[in-house]
Each structure stands twice: as C-alpha cells, then as structure tokens.
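Here's target_34.txt, which has compact mmCIF, C-alpha atoms and all ligand atoms:
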# COMPACT_ATOMS: atom_id res chain seq x y z
CA MET A 315 130.56 36.04 161.99
CA VAL A 316 133.86 34.87 160.46
CA MET A 317 133.64 31.57 158.58
CA THR A 318 136.78 29.48 158.77
CA VAL A 319 138.08 26.30 157.19
CA SER A 320 140.79 24.51 159.13
CA SER A 321 143.22 22.48 157.03
CA GLY A 322 144.43 20.40 159.97
CA SER A 323 147.95 19.51 161.00
CA LEU A 324 150.81 20.70 158.72
CA GLY A 325 153.74 19.36 160.70
CA GLN A 326 155.54 20.05 163.97
CA VAL A 327 157.17 23.19 165.37
CA ASN A 328 158.93 22.79 168.73
CA GLY A 329 157.05 19.53 169.20
CA LYS A 330 153.66 21.20 168.75
CA PRO A 331 151.42 20.59 165.74
CA GLU A 332 151.27 23.41 163.18
CA ARG A 333 147.84 24.23 161.77
CA SER A 334 146.46 26.63 159.23
CA ILE A 335 143.07 28.28 158.94
CA THR A 336 141.61 29.76 155.79
CA LEU A 337 139.02 32.52 156.20
CA LEU A 338 136.17 31.80 153.82
CA GLY A 339 135.35 34.43 151.20
CA ASN A 340 138.77 36.02 150.85
CA ASP A 341 141.38 33.19 150.96
CA CYS A 342 143.26 34.70 153.84
CA VAL A 343 145.43 32.04 155.47
CA ILE A 344 146.29 32.20 159.16
CA ARG A 345 149.02 29.78 160.29
CA SER A 346 149.87 28.62 163.78
CA LYS A 347 153.33 28.41 165.39
CA VAL A 348 155.20 30.53 162.84
CA SER A 349 158.80 31.32 163.80
CA LEU A 350 159.37 35.07 164.18
CA ALA A 351 163.18 34.82 164.23
CA SER A 352 163.32 34.83 160.43
CA LEU A 353 160.92 37.81 160.28
CA THR A 354 162.99 40.12 162.51
CA SER A 355 166.38 41.72 161.86
CA PHE A 356 167.82 40.47 165.21
CA ARG A 357 167.09 36.90 164.00
CA VAL A 358 165.92 35.80 167.47
CA GLY A 359 162.59 35.05 169.11
CA GLY A 360 160.09 32.22 169.38
CA PRO A 361 156.95 31.53 167.35
CA ALA A 362 153.76 33.51 166.97
CA ASP A 363 150.74 31.54 168.18
CA TRP A 364 149.10 32.68 164.94
CA TYR A 365 150.55 34.57 161.96
CA THR A 366 149.08 36.02 158.80
CA ALA A 367 150.35 38.34 156.07
CA PRO A 368 147.32 39.67 154.17
CA GLN A 369 147.70 40.99 150.63
CA ARG A 370 144.56 43.12 150.50
CA LEU A 371 142.46 45.31 152.77
CA ASP A 372 139.50 42.89 152.75
CA GLN A 373 141.82 40.11 153.98
CA LEU A 374 143.19 42.39 156.67
CA LEU A 375 139.66 43.23 157.83
CA ALA A 376 138.74 39.55 157.93
CA CYS A 377 141.83 38.75 160.06
CA LEU A 378 140.89 41.48 162.52
CA GLU A 379 137.34 40.18 162.66
CA TRP A 380 138.68 36.65 163.34
CA ALA A 381 141.02 37.92 166.11
CA ASN A 382 138.11 39.84 167.67
CA ALA A 383 135.86 36.77 167.52
CA GLU A 384 138.59 34.64 169.13
CA GLU A 385 139.38 37.45 171.64
CA LEU A 386 143.07 37.32 170.73
CA PRO A 387 145.65 40.08 171.25
CA ILE A 388 147.21 41.30 168.01
CA THR A 389 150.76 42.42 167.21
CA LEU A 390 151.66 44.33 164.06
CA LEU A 391 154.84 43.38 162.24
CA GLY A 392 156.44 45.48 159.50
CA GLY A 393 160.01 44.71 158.49
CA GLY A 394 160.79 43.53 162.04
CA SER A 395 163.86 45.82 162.08
CA ASN A 396 163.14 47.39 165.46
CA LEU A 397 161.79 44.46 167.45
CA LEU A 398 163.10 42.16 170.17
CA VAL A 399 160.70 39.21 170.33
CA SER A 400 160.80 36.93 173.39
CA ASP A 401 162.27 33.44 173.04
CA ARG A 402 158.85 32.24 174.19
CA GLY A 403 157.23 33.87 171.17
CA LEU A 404 154.06 35.96 171.06
CA ARG A 405 150.53 35.12 172.08
CA GLY A 406 147.58 35.84 169.83
CA LEU A 407 147.71 36.91 166.17
CA VAL A 408 150.74 38.55 164.55
CA ILE A 409 149.77 40.48 161.40
CA GLY A 410 152.62 40.99 158.94
CA THR A 411 152.18 43.91 156.53
CA ARG A 412 154.91 42.89 154.07
CA TYR A 413 152.48 42.26 151.16
CA LEU A 414 150.55 45.55 151.51
CA ARG A 415 152.86 47.52 149.25
CA HIS A 416 150.97 49.25 146.41
CA THR A 417 152.92 52.33 145.28
CA HIS A 418 151.90 55.43 143.32
CA PHE A 419 154.15 58.41 142.49
CA ASP A 420 151.87 61.31 141.46
CA GLN A 421 153.82 63.47 139.00
CA GLU A 422 151.39 66.40 139.30
CA THR A 423 151.34 66.78 143.07
CA GLY A 424 154.75 65.27 143.89
CA GLN A 425 153.02 62.99 146.35
CA LEU A 426 153.94 59.36 146.95
CA THR A 427 151.07 57.15 148.14
CA VAL A 428 152.16 53.77 149.35
CA GLY A 429 150.99 50.67 151.22
CA SER A 430 152.35 50.22 154.73
CA GLY A 431 154.37 47.12 153.86
CA ALA A 432 156.51 48.83 151.20
CA SER A 433 160.22 48.90 151.94
CA LEU A 434 161.47 52.37 152.90
CA PRO A 435 164.99 51.99 151.43
CA ARG A 436 163.58 50.64 148.15
CA LEU A 437 161.30 53.69 147.91
CA ALA A 438 164.28 55.97 148.64
CA TRP A 439 166.30 54.42 145.79
CA LYS A 440 163.32 54.53 143.43
CA ALA A 441 162.59 58.20 144.20
CA ALA A 442 166.28 59.03 143.67
CA ARG A 443 166.37 57.25 140.29
CA MET A 444 163.31 59.32 139.26
CA GLY A 445 164.93 62.59 140.39
CA TRP A 446 162.50 63.10 143.29
CA ARG A 447 163.93 64.68 146.42
CA GLY A 448 162.73 64.07 149.97
CA LEU A 449 163.67 60.48 150.82
CA GLU A 450 167.49 60.57 150.50
CA TRP A 451 167.84 60.24 154.30
CA ALA A 452 165.77 57.03 154.42
CA VAL A 453 168.05 54.87 152.32
CA GLY A 454 169.76 53.09 155.24
CA ILE A 455 166.65 52.42 157.34
CA PRO A 456 165.75 48.79 156.67
CA GLY A 457 162.04 48.81 157.57
CA THR A 458 158.62 49.36 156.04
CA VAL A 459 156.57 52.51 155.62
CA GLY A 460 154.23 51.43 158.46
CA GLY A 461 157.13 50.89 160.86
CA ALA A 462 158.62 54.27 159.88
CA ILE A 463 155.33 56.04 160.59
CA VAL A 464 154.94 54.39 164.00
CA MET A 465 158.60 54.88 165.03
CA ASN A 466 159.00 58.30 163.35
CA ALA A 467 162.10 56.80 161.75
CA GLY A 468 164.74 59.28 160.76
CA ALA A 469 168.37 59.95 159.93
CA HIS A 470 170.62 62.81 158.85
CA ILE A 471 168.39 65.35 160.72
CA SER A 472 165.28 64.38 158.75
CA CYS A 473 162.43 62.16 159.86
CA THR A 474 159.18 60.59 158.69
CA ALA A 475 156.96 63.23 160.31
CA ASP A 476 158.66 65.94 158.15
CA ILE A 477 157.30 64.53 154.88
CA LEU A 478 154.06 62.82 155.93
CA VAL A 479 150.88 64.28 154.45
CA ASN A 480 148.47 61.74 155.92
CA THR A 481 148.14 58.12 156.91
CA HIS A 482 145.30 55.60 156.85
CA ILE A 483 144.75 54.01 160.25
CA LEU A 484 142.63 50.91 160.74
CA GLU A 485 141.20 50.38 164.22
CA ARG A 486 140.59 46.88 165.62
CA SER A 487 136.89 47.57 165.21
CA GLY A 488 137.41 47.88 161.45
CA THR A 489 137.01 51.70 161.41
CA LEU A 490 139.34 53.39 158.92
CA GLN A 491 140.55 56.95 159.59
CA VAL A 492 142.72 59.27 157.50
CA LEU A 493 144.94 61.25 159.87
CA PRO A 494 147.40 64.11 159.32
CA PRO A 495 150.76 64.05 161.19
CA GLU A 496 149.46 66.56 163.79
CA LYS A 497 147.16 63.83 165.13
CA LEU A 498 149.95 61.30 165.64
CA GLY A 499 151.75 62.88 168.62
CA TYR A 500 155.10 62.93 166.84
CA ARG A 501 158.29 63.42 168.82
CA TYR A 502 161.84 62.13 168.44
CA ARG A 503 161.56 58.46 167.29
CA THR A 504 158.04 58.06 168.63
CA SER A 505 154.33 58.59 167.93
CA ASN A 506 151.08 57.87 169.71
CA LEU A 507 150.68 54.77 167.49
CA GLN A 508 153.41 52.96 169.42
CA GLY A 509 152.14 50.20 171.67
CA SER A 510 148.60 50.50 170.29
CA ASP A 511 146.88 48.03 168.00
CA ARG A 512 145.95 50.71 165.46
CA LEU A 513 147.21 49.55 162.09
CA VAL A 514 148.80 51.79 159.45
CA THR A 515 147.57 50.56 156.07
CA GLN A 516 148.75 53.36 153.78
CA ALA A 517 150.59 56.69 153.79
CA THR A 518 151.05 59.70 151.54
CA PHE A 519 154.35 61.60 151.55
CA GLN A 520 155.15 64.98 150.00
CA LEU A 521 158.28 64.77 147.86
CA GLN A 522 159.82 67.16 145.33
CA PRO A 523 159.98 65.85 141.76
CA GLY A 524 161.87 67.37 138.83
CA TYR A 525 165.47 67.26 140.04
CA ASP A 526 168.42 65.79 138.17
CA PRO A 527 168.28 62.01 138.92
CA GLU A 528 172.08 61.78 138.84
CA GLN A 529 172.37 64.40 141.56
CA VAL A 530 169.69 62.86 143.79
CA MET A 531 171.25 59.41 143.27
CA ALA A 532 174.69 60.80 144.24
CA GLU A 533 173.33 62.28 147.48
CA THR A 534 171.38 59.12 148.31
CA THR A 535 174.47 56.99 147.67
CA GLU A 536 176.54 59.27 149.90
CA HIS A 537 174.05 58.82 152.79
CA PHE A 538 174.14 55.08 152.22
CA GLN A 539 177.94 54.85 152.19
CA GLN A 540 178.30 57.11 155.23
CA ARG A 541 176.09 54.74 157.22
CA ARG A 542 177.87 51.61 156.01
CA LEU A 543 181.15 53.12 157.27
CA SER A 544 179.88 54.24 160.69
CA GLN A 545 177.44 51.42 161.52
CA PRO A 546 177.86 47.63 161.65
CA TYR A 547 175.60 46.10 159.01
CA HIS A 548 177.43 42.75 158.80
CA LEU A 549 175.60 41.05 161.71
CA PRO A 550 171.93 40.97 162.79
CA SER A 551 170.83 43.93 164.93
CA CYS A 552 167.97 46.38 165.38
CA GLY A 553 170.02 49.49 164.59
CA SER A 554 170.28 51.87 167.54
CA VAL A 555 169.00 50.15 170.68
CA PHE A 556 168.50 53.29 172.82
CA ARG A 557 167.05 56.73 172.11
CA ASN A 558 169.58 59.53 172.40
CA PRO A 559 168.89 61.15 175.78
CA GLY A 560 170.66 64.47 175.05
CA PRO A 561 172.86 66.34 175.50
CA HIS A 562 175.02 63.27 174.82
CA LYS A 563 174.32 60.52 172.34
CA ALA A 564 173.50 57.08 173.77
CA GLY A 565 176.45 55.57 171.85
CA TRP A 566 178.88 58.07 173.39
CA LEU A 567 177.62 57.34 176.93
CA ILE A 568 177.92 53.57 176.37
CA GLU A 569 181.40 53.93 174.89
CA GLN A 570 182.58 56.18 177.76
CA THR A 571 181.27 53.55 180.21
CA GLY A 572 183.73 51.09 178.66
CA LEU A 573 181.09 48.76 177.27
CA LYS A 574 182.16 48.52 173.62
CA GLY A 575 182.65 44.84 172.83
CA TYR A 576 180.94 43.70 176.08
CA LYS A 577 179.23 40.32 175.56
CA ILE A 578 176.47 38.32 177.17
CA GLY A 579 176.05 34.91 175.53
CA GLY A 580 175.89 35.53 171.79
CA ALA A 581 174.97 39.23 172.09
CA GLN A 582 177.63 41.93 171.94
CA VAL A 583 177.83 45.74 172.16
CA ALA A 584 179.23 46.60 168.73
CA GLU A 585 182.82 47.82 168.49
CA ARG A 586 182.00 50.11 165.56
CA HIS A 587 178.94 51.81 167.10
CA ALA A 588 178.26 51.36 170.83
CA ASN A 589 174.49 51.96 170.49
CA PHE A 590 174.22 48.78 168.38
CA ILE A 591 173.86 45.33 169.95
CA LEU A 592 174.81 42.54 167.57
CA ASN A 593 173.64 38.96 167.38
CA CYS A 594 177.02 37.32 166.83
CA GLY A 595 175.37 34.16 165.53
CA SER A 596 174.12 32.27 168.55
CA ALA A 597 172.34 34.98 170.56
CA THR A 598 168.95 34.34 172.14
CA ALA A 599 166.44 37.09 172.81
CA SER A 600 167.27 36.56 176.48
CA ASP A 601 170.99 37.33 175.86
CA ILE A 602 170.02 40.58 174.14
CA PHE A 603 167.50 41.47 176.86
CA GLN A 604 170.10 40.89 179.64
CA LEU A 605 172.66 42.98 177.72
CA ILE A 606 170.19 45.86 177.30
CA HIS A 607 169.64 45.85 181.08
CA HIS A 608 173.35 45.57 181.83
CA VAL A 609 174.07 48.60 179.62
CA GLN A 610 171.23 50.57 181.24
CA GLU A 611 172.49 49.74 184.75
CA ARG A 612 176.13 50.60 184.05
CA VAL A 613 175.31 53.86 182.25
CA GLN A 614 172.89 54.91 184.97
CA HIS A 615 175.48 54.14 187.65
CA GLN A 616 178.17 56.23 185.93
CA TRP A 617 176.10 59.06 184.40
CA SER A 618 172.81 59.10 186.42
CA CYS A 619 170.99 58.75 183.11
CA LEU A 620 168.51 55.96 182.36
CA LEU A 621 168.77 55.05 178.69
CA GLU A 622 165.35 54.40 177.19
CA PRO A 623 165.15 51.57 174.64
CA GLU A 624 164.09 52.62 171.14
CA VAL A 625 163.71 48.94 170.17
CA ARG A 626 160.22 47.57 170.84
CA ILE A 627 160.52 44.71 173.35
CA LEU A 628 157.69 42.23 172.76
CA GLY A 629 156.50 39.22 174.76
CA GLU A 630 157.67 37.96 178.14
CA HIS A 631 161.32 38.40 179.18
CA ASP A 632 162.91 37.50 182.52
CA LEU A 633 165.78 39.43 184.02
CA ILE A 634 168.44 37.01 185.24
CA SER A 635 170.25 38.48 188.26
CA ASN A 636 174.05 37.96 188.45
C1 LIG B 1 170.85 48.11 160.59
C2 LIG B 1 169.71 49.00 161.08
C3 LIG B 1 169.82 50.37 160.96
C4 LIG B 1 168.76 51.19 161.40
N1 LIG B 1 168.88 52.56 161.27
C5 LIG B 1 167.87 53.35 161.67
C6 LIG B 1 167.95 54.78 161.51
O1 LIG B 1 168.91 55.32 161.01
N2 LIG B 1 166.91 55.54 161.92
C7 LIG B 1 165.80 54.99 162.48
O2 LIG B 1 164.87 55.73 162.83
N3 LIG B 1 165.69 53.64 162.64
C8 LIG B 1 166.69 52.82 162.25
N4 LIG B 1 166.59 51.47 162.42
C9 LIG B 1 165.41 50.91 163.11
C10 LIG B 1 164.24 50.50 162.19
O3 LIG B 1 164.70 50.19 160.90
C11 LIG B 1 163.19 51.60 162.11
O4 LIG B 1 162.64 51.90 163.38
C12 LIG B 1 162.05 51.20 161.16
O5 LIG B 1 161.25 52.33 160.91
C13 LIG B 1 161.17 50.08 161.70
O6 LIG B 1 160.31 49.67 160.65
P1 LIG B 1 159.79 48.18 160.56
O7 LIG B 1 158.88 48.10 159.41
O8 LIG B 1 160.93 47.23 160.55
O9 LIG B 1 158.97 48.08 161.91
P2 LIG B 1 158.91 46.86 162.92
O10 LIG B 1 160.25 46.66 163.54
O11 LIG B 1 158.27 45.70 162.29
O12 LIG B 1 157.91 47.46 164.02
C14 LIG B 1 158.25 48.59 164.79
C15 LIG B 1 157.00 49.05 165.54
O13 LIG B 1 156.04 49.50 164.61
C16 LIG B 1 154.84 48.71 164.69
N5 LIG B 1 154.36 48.56 163.31
C17 LIG B 1 155.04 48.11 162.23
N6 LIG B 1 154.28 48.20 161.12
C18 LIG B 1 153.09 48.71 161.53
C19 LIG B 1 151.89 49.05 160.85
N7 LIG B 1 151.73 48.88 159.53
N8 LIG B 1 150.87 49.57 161.58
C20 LIG B 1 150.99 49.76 162.91
N9 LIG B 1 152.09 49.44 163.60
C21 LIG B 1 153.14 48.94 162.91
C22 LIG B 1 155.25 47.43 165.36
O14 LIG B 1 154.16 46.82 166.04
C23 LIG B 1 156.33 47.92 166.32
O15 LIG B 1 155.74 48.49 167.47
C24 LIG B 1 167.61 50.62 161.98
C25 LIG B 1 167.51 49.22 162.08
C26 LIG B 1 168.54 48.40 161.62
C27 LIG B 1 168.40 46.91 161.73

Since I need it in another form, could you write the structure as structure tokens?
Amino acid sequence: MVMTVSSGSLGQVNGKPERSITLLGNDCVIRSKVSLASLTSFRVGGPADWYTAPQRLDQLLACLEWANAEELPITLLGGGSNLLVSDRGLRGLVIGTRYLRHTHFDQETGQLTVGSGASLPRLAWKAARMGWRGLEWAVGIPGTVGGAIVMNAGAHISCTADILVNTHILERSGTLQVLPPEKLGYRYRTSNLQGSDRLVTQATFQLQPGYDPEQVMAETTEHFQQRRLSQPYHLPSCGSVFRNPGPHKAGWLIEQTGLKGYKIGGAQVAERHANFILNCGSATASDIFQLIHHVQERVQHQWSCLLEPEVRILGEHDLISN
C-alpha cells in the first residue's frame, strides 16, 4: 500500500484549490491542477488533475503504485514537443520524465546509455563535440529520448530506430523489460508504444566514436542551420502536424490546397512550412484542433487523401461545425 502525506491547499488554479501529496519513503511529490501549457511546445492546454516529475526509478515506481491504488489513468510527458493537450486539461496522473536524464558515453563500445528525460538535441551537440557520429540528424528535434523512442523521431533520412540497441520499458504493474527495436513495431514516425501506458525509462544507442570533432560539429551545425531556414522556429508549434502520406509530402498537399497562412483564432498554417501550425500568441487548443480538421477536410476534398496527424492529441476536444 502507498503511504501518502497531503500538505493541504497551496493556492488556487482556475478557481480550484491546488494540493500536493508526498509519497512517504521516497519524497516524491505529486501536485494537483498543474498547467500543461508551459510544459508543451504549443503552449496551450489546461491543467493535469495530478502531475509529478520523478527524479529516480524508485519515485517513478511509487507514483505508478499510487495511480494504480487510486485507479487513475496515466499520461506520459517527455518534452511535450509533439502534443496537443485539450483546453480542459487531462484527467488522472501526468508523469513528466524531464528529470530522468542520467547519461553515459561508453568509449569502448561506442554506446550511449541515457535516461528517457534527456534532451535529444543536447545529446546530439554533446556527441558532436566528442567526435561521435550517429546523432547529427537529431539536432533540430526538440524532445526527449523517451519521446523520440515512442515517436520514432527522425530527420534527414535517419531515425531513432536506426541507432537504438535496446530500451527499458516499465509497465504499469511495475514490471521492467529490456526490449530491442524489433519488439517495438517501428514504422515511419510510429511504434507500438504509442497510445499505451508503457513507460520508457532508459535507452542505449549505438554511435561511432573516434571521428574528428570539428568535422562532426560542422555536419551537425549544417543540419541545424538547414532546419532553421526551412522551418518556422520563432513561434510555438509541434513541428510537422501530419505524417507524410506519400507519394507527396503533407506540406506540399496543404500548400497546393491554398492553405498557407490560413487562420482559425490564434492558430495559423505557417507560411514558411505548410505542415506546421503555429500558435501566433493567443491560440487555444480548440483553435489548433479546428484548424487540423479544416486542413484534413480541405486536403481530402481536393486530393482524396486523409492526412493522419503525427501530433498526439490528448484529452477531450469538440469539433465546432461552421
Ligand atoms: C519545432 C519542432 C520541430 C520538430 N521537428 C521534428 C523532426 O524533424 N522530426 C521528428 O520526428 N519530430 C519532430 N518534432 C516533433 C517532436 O519533437 C518529436 O516527435 C519528439 O520525439 C517528441 O519528443 P517529446 O519528448 O517532446 O515527446 P512528447 O511530445 O512529450 O510525447 C510524445 C509521445 O510520446 C509519449 N512519451 C513521451 N515520453 C515518454 C516516455 N518516457 N515513455 C513513454 N511514452 C513517452 C507521450 O505520451 C506521447 O504519446 C518537432 C517538434 C517541434 C516543436
């Protein structure tokens, strides 16, 4: 049984009292009514009923045990760079992985073992500075290792599955498994971890050490600059909203449908890259949700092709008919 200490009311969020709970034995704090807008790259969305960001595996296990005892749904949050969270927030417990970021570069094997909350672009820069090849492509992907493993994040014709040796997966029951990439159902920007509540705690990647750091840095910088020129990084977004359906890219289809610059509320199809939707400052999750549907409808009408969102849409959203 999980022992808890409740520290009572901490203040008000949206008129409701905020509380925090400390799990006895490991100092893991679980807070109520935590805004998710500041934890996602779109900068929209309501509060999590409960939120925690454990720093160690024992704290993570205790949180899971608490959620199981309370019969709460759980949502896993990495860097929040591919999420659209409902304005009404999320029910149950949101577990942020941002503090699970131990990192070990093994010079002998060329393997990088890292906690799921480590930042992918930071690892890419670090590997480049050390003269290790293998992560140059990841420099512009602003998420965590866990998010990259679940989404099979990729760029410049490389992806996470290409370099993954194994990953540690924690089940809700507390069972920990070490799985190779073959067990993760990898395809383009997806894996069988998506939509599940299996938690990535750690991963090992195969890199290639021993290269000239200046050369690896130059290539990494080139990838970075190329992306800054072709993609809008100046306003909040989730990167590409839709998966590329093939043979055409989603951005091309959206552009040919005349939707570049199209706006609903504070959400806009980016002028620089039509597969990006930007929060121009005042967007709500609902604005973005309506715009995603509008783009889908218009593209399907013109090209008979239903664009499939790559962004994970979480919580309850209503479609407002025109
Ligand atoms: C400006 C910009 C550019 C981008 N460019 C690219 C790009 O070039 N290529 C690309 O592939 N993506 C790109 N993205 C999208 C995004 O960065 C990637 O999908 C990234 O891998 C998501 O990682 P995250 O940690 O932010 O995951 P989150 O957005 O937090 O979560 C994504 C999914 O993974 C789950 N999840 C997260 N962490 C864990 C964990 N530890 N265990 C289990 N489940 C977990 C979540 O529940 C959710 O379902 C871009 C995004 C932005 C904002």

(request) For segment 558-560 of chain A, work out the shell of residues within 9 Å, counting only C-alpha atoms and skipping chain neighbours fewer than 3 positions away, then give it as a count of residues only. (result) 8

Counting only C-alpha atoms and all ligand atoms, what are the residues of chain A within 6 Å of ligand LIG 1 (chain B), and for each of them which pair of atoms is the nearest and at what distance in Å, to one decimal? Sort the table by chain and rising number, as JSON lines.
{"residue": "A:Ser355", "atom": "CA", "partner": "B:LIG1", "partner_atom": "C27", "distance": 5.6}
{"residue": "A:Thr389", "atom": "CA", "partner": "B:LIG1", "partner_atom": "O14", "distance": 5.7}
{"residue": "A:Leu390", "atom": "CA", "partner": "B:LIG1", "partner_atom": "O14", "distance": 4.0}
{"residue": "A:Leu391", "atom": "CA", "partner": "B:LIG1", "partner_atom": "O11", "distance": 4.1}
{"residue": "A:Gly392", "atom": "CA", "partner": "B:LIG1", "partner_atom": "O11", "distance": 3.3}
{"residue": "A:Gly393", "atom": "CA", "partner": "B:LIG1", "partner_atom": "O8", "distance": 3.4}
{"residue": "A:Gly394", "atom": "CA", "partner": "B:LIG1", "partner_atom": "O11", "distance": 3.3}
{"residue": "A:Ser395", "atom": "CA", "partner": "B:LIG1", "partner_atom": "O8", "distance": 3.6}
{"residue": "A:Asn396", "atom": "CA", "partner": "B:LIG1", "partner_atom": "O10", "distance": 3.5}
{"residue": "A:Leu397", "atom": "CA", "partner": "B:LIG1", "partner_atom": "O10", "distance": 4.7}
{"residue": "A:Thr411", "atom": "CA", "partner": "B:LIG1", "partner_atom": "N7", "distance": 5.8}
{"residue": "A:Ser430", "atom": "CA", "partner": "B:LIG1", "partner_atom": "N7", "distance": 5.0}
{"residue": "A:Ile455", "atom": "CA", "partner": "B:LIG1", "partner_atom": "N1", "distance": 4.5}
{"residue": "A:Pro456", "atom": "CA", "partner": "B:LIG1", "partner_atom": "O3", "distance": 4.6}
{"residue": "A:Gly457", "atom": "CA", "partner": "B:LIG1", "partner_atom": "O8", "distance": 3.6}
{"residue": "A:Thr458", "atom": "CA", "partner": "B:LIG1", "partner_atom": "O7", "distance": 3.6}
{"residue": "A:Gly460", "atom": "CA", "partner": "B:LIG1", "partner_atom": "N7", "distance": 3.7}
{"residue": "A:Gly461", "atom": "CA", "partner": "B:LIG1", "partner_atom": "O6", "distance": 3.4}
{"residue": "A:Ala462", "atom": "CA", "partner": "B:LIG1", "partner_atom": "O5", "distance": 3.4}
{"residue": "A:Val464", "atom": "CA", "partner": "B:LIG1", "partner_atom": "O13", "distance": 5.0}
{"residue": "A:Met465", "atom": "CA", "partner": "B:LIG1", "partner_atom": "O4", "distance": 5.3}
{"residue": "A:Ala467", "atom": "CA", "partner": "B:LIG1", "partner_atom": "O2", "distance": 3.2}
{"residue": "A:Gly468", "atom": "CA", "partner": "B:LIG1", "partner_atom": "O2", "distance": 4.1}
{"residue": "A:Ala469", "atom": "CA", "partner": "B:LIG1", "partner_atom": "O1", "distance": 4.8}
{"residue": "A:Gln508", "atom": "CA", "partner": "B:LIG1", "partner_atom": "O15", "distance": 5.4}
{"residue": "A:Gly509", "atom": "CA", "partner": "B:LIG1", "partner_atom": "O15", "distance": 5.8}
{"residue": "A:Arg512", "atom": "CA", "partner": "B:LIG1", "partner_atom": "C20", "distance": 5.7}
{"residue": "A:Leu513", "atom": "CA", "partner": "B:LIG1", "partner_atom": "N8", "distance": 3.7}
{"residue": "A:Val514", "atom": "CA", "partner": "B:LIG1", "partner_atom": "N8", "distance": 3.7}
{"residue": "A:Thr515", "atom": "CA", "partner": "B:LIG1", "partner_atom": "N7", "distance": 5.7}
{"residue": "A:Tyr547", "atom": "CA", "partner": "B:LIG1", "partner_atom": "C1", "distance": 5.4}
{"residue": "A:Ser551", "atom": "CA", "partner": "B:LIG1", "partner_atom": "C27", "distance": 5.0}
{"residue": "A:Cys552", "atom": "CA", "partner": "B:LIG1", "partner_atom": "C27", "distance": 3.7}
{"residue": "A:Gly553", "atom": "CA", "partner": "B:LIG1", "partner_atom": "C26", "distance": 3.5}
{"residue": "A:Arg626", "atom": "CA", "partner": "B:LIG1", "partner_atom": "O15", "distance": 5.7}

Output C-alpha atoms of each residue in that selection to a file, as a PDB file, in the coordinates of the input.
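Output (result_25.pdb):
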ATOM      1  CA  SER A 355     166.380  41.720 161.860  1.00  0.00           C
ATOM      2  CA  THR A 389     150.760  42.420 167.210  1.00  0.00           C
ATOM      3  CA  LEU A 390     151.660  44.330 164.060  1.00  0.00           C
ATOM      4  CA  LEU A 391     154.840  43.380 162.240  1.00  0.00           C
ATOM      5  CA  GLY A 392     156.440  45.480 159.500  1.00  0.00           C
ATOM      6  CA  GLY A 393     160.010  44.710 158.490  1.00  0.00           C
ATOM      7  CA  GLY A 394     160.790  43.530 162.040  1.00  0.00           C
ATOM      8  CA  SER A 395     163.860  45.820 162.080  1.00  0.00           C
ATOM      9  CA  ASN A 396     163.140  47.390 165.460  1.00  0.00           C
ATOM     10  CA  LEU A 397     161.790  44.460 167.450  1.00  0.00           C
ATOM     11  CA  THR A 411     152.180  43.910 156.530  1.00  0.00           C
ATOM     12  CA  SER A 430     152.350  50.220 154.730  1.00  0.00           C
ATOM     13  CA  ILE A 455     166.650  52.420 157.340  1.00  0.00           C
ATOM     14  CA  PRO A 456     165.750  48.790 156.670  1.00  0.00           C
ATOM     15  CA  GLY A 457     162.040  48.810 157.570  1.00  0.00           C
ATOM     16  CA  THR A 458     158.620  49.360 156.040  1.00  0.00           C
ATOM     17  CA  GLY A 460     154.230  51.430 158.460  1.00  0.00           C
ATOM     18  CA  GLY A 461     157.130  50.890 160.860  1.00  0.00           C
ATOM     19  CA  ALA A 462     158.620  54.270 159.880  1.00  0.00           C
ATOM     20  CA  VAL A 464     154.940  54.390 164.000  1.00  0.00           C
ATOM     21  CA  MET A 465     158.600  54.880 165.030  1.00  0.00           C
ATOM     22  CA  ALA A 467     162.100  56.800 161.750  1.00  0.00           C
ATOM     23  CA  GLY A 468     164.740  59.280 160.760  1.00  0.00           C
ATOM     24  CA  ALA A 469     168.370  59.950 159.930  1.00  0.00           C
ATOM     25  CA  GLN A 508     153.410  52.960 169.420  1.00  0.00           C
ATOM     26  CA  GLY A 509     152.140  50.200 171.670  1.00  0.00           C
ATOM     27  CA  ARG A 512     145.950  50.710 165.460  1.00  0.00           C
ATOM     28  CA  LEU A 513     147.210  49.550 162.090  1.00  0.00           C
ATOM     29  CA  VAL A 514     148.800  51.790 159.450  1.00  0.00           C
ATOM     30  CA  THR A 515     147.570  50.560 156.070  1.00  0.00           C
ATOM     31  CA  TYR A 547     175.600  46.100 159.010  1.00  0.00           C
ATOM     32  CA  SER A 551     170.830  43.930 164.930  1.00  0.00           C
ATOM     33  CA  CYS A 552     167.970  46.380 165.380  1.00  0.00           C
ATOM     34  CA  GLY A 553     170.020  49.490 164.590  1.00  0.00           C
ATOM     35  CA  ARG A 626     160.220  47.570 170.840  1.00  0.00           C
TER      36      ARG A 626
END

(message) Just the number, please: distance in Å from atom CA of Gln582 of chain A to atom CA of Ile602 of chain A, one decimal.
(response)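 Answer for the atom CA of Gln582 of chain A to atom CA of Ile602 of chain A separation: 8.0 Å.
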
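Atom CA of Leu350 of chain A is positioned 24.8 Å from atom CA of His608 of chain A.
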
(message) Excluding Leu449 of chain A and its own-chain neighbours fewer than 6 positions away, which residues fall within 10 Å of it when counting all atoms listed in the file? Please give them as a PyMOL selection string.
(response) chain A and resi 434-435+437-442+472-474+477+519-522+530+534

(message) Env of His418 of chain A: 10 Å cut, atoms = only C-alpha atoms, seq-sep filter 2 positions within chain, self excluded. Answer as a list in words.
(response)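 Once the nearby chain positions are removed, what remains is Arg415, His416, Asp420, Gln421, Gln425, Leu426, Thr427, Val428, Gly429 and Thr518 of chain A.
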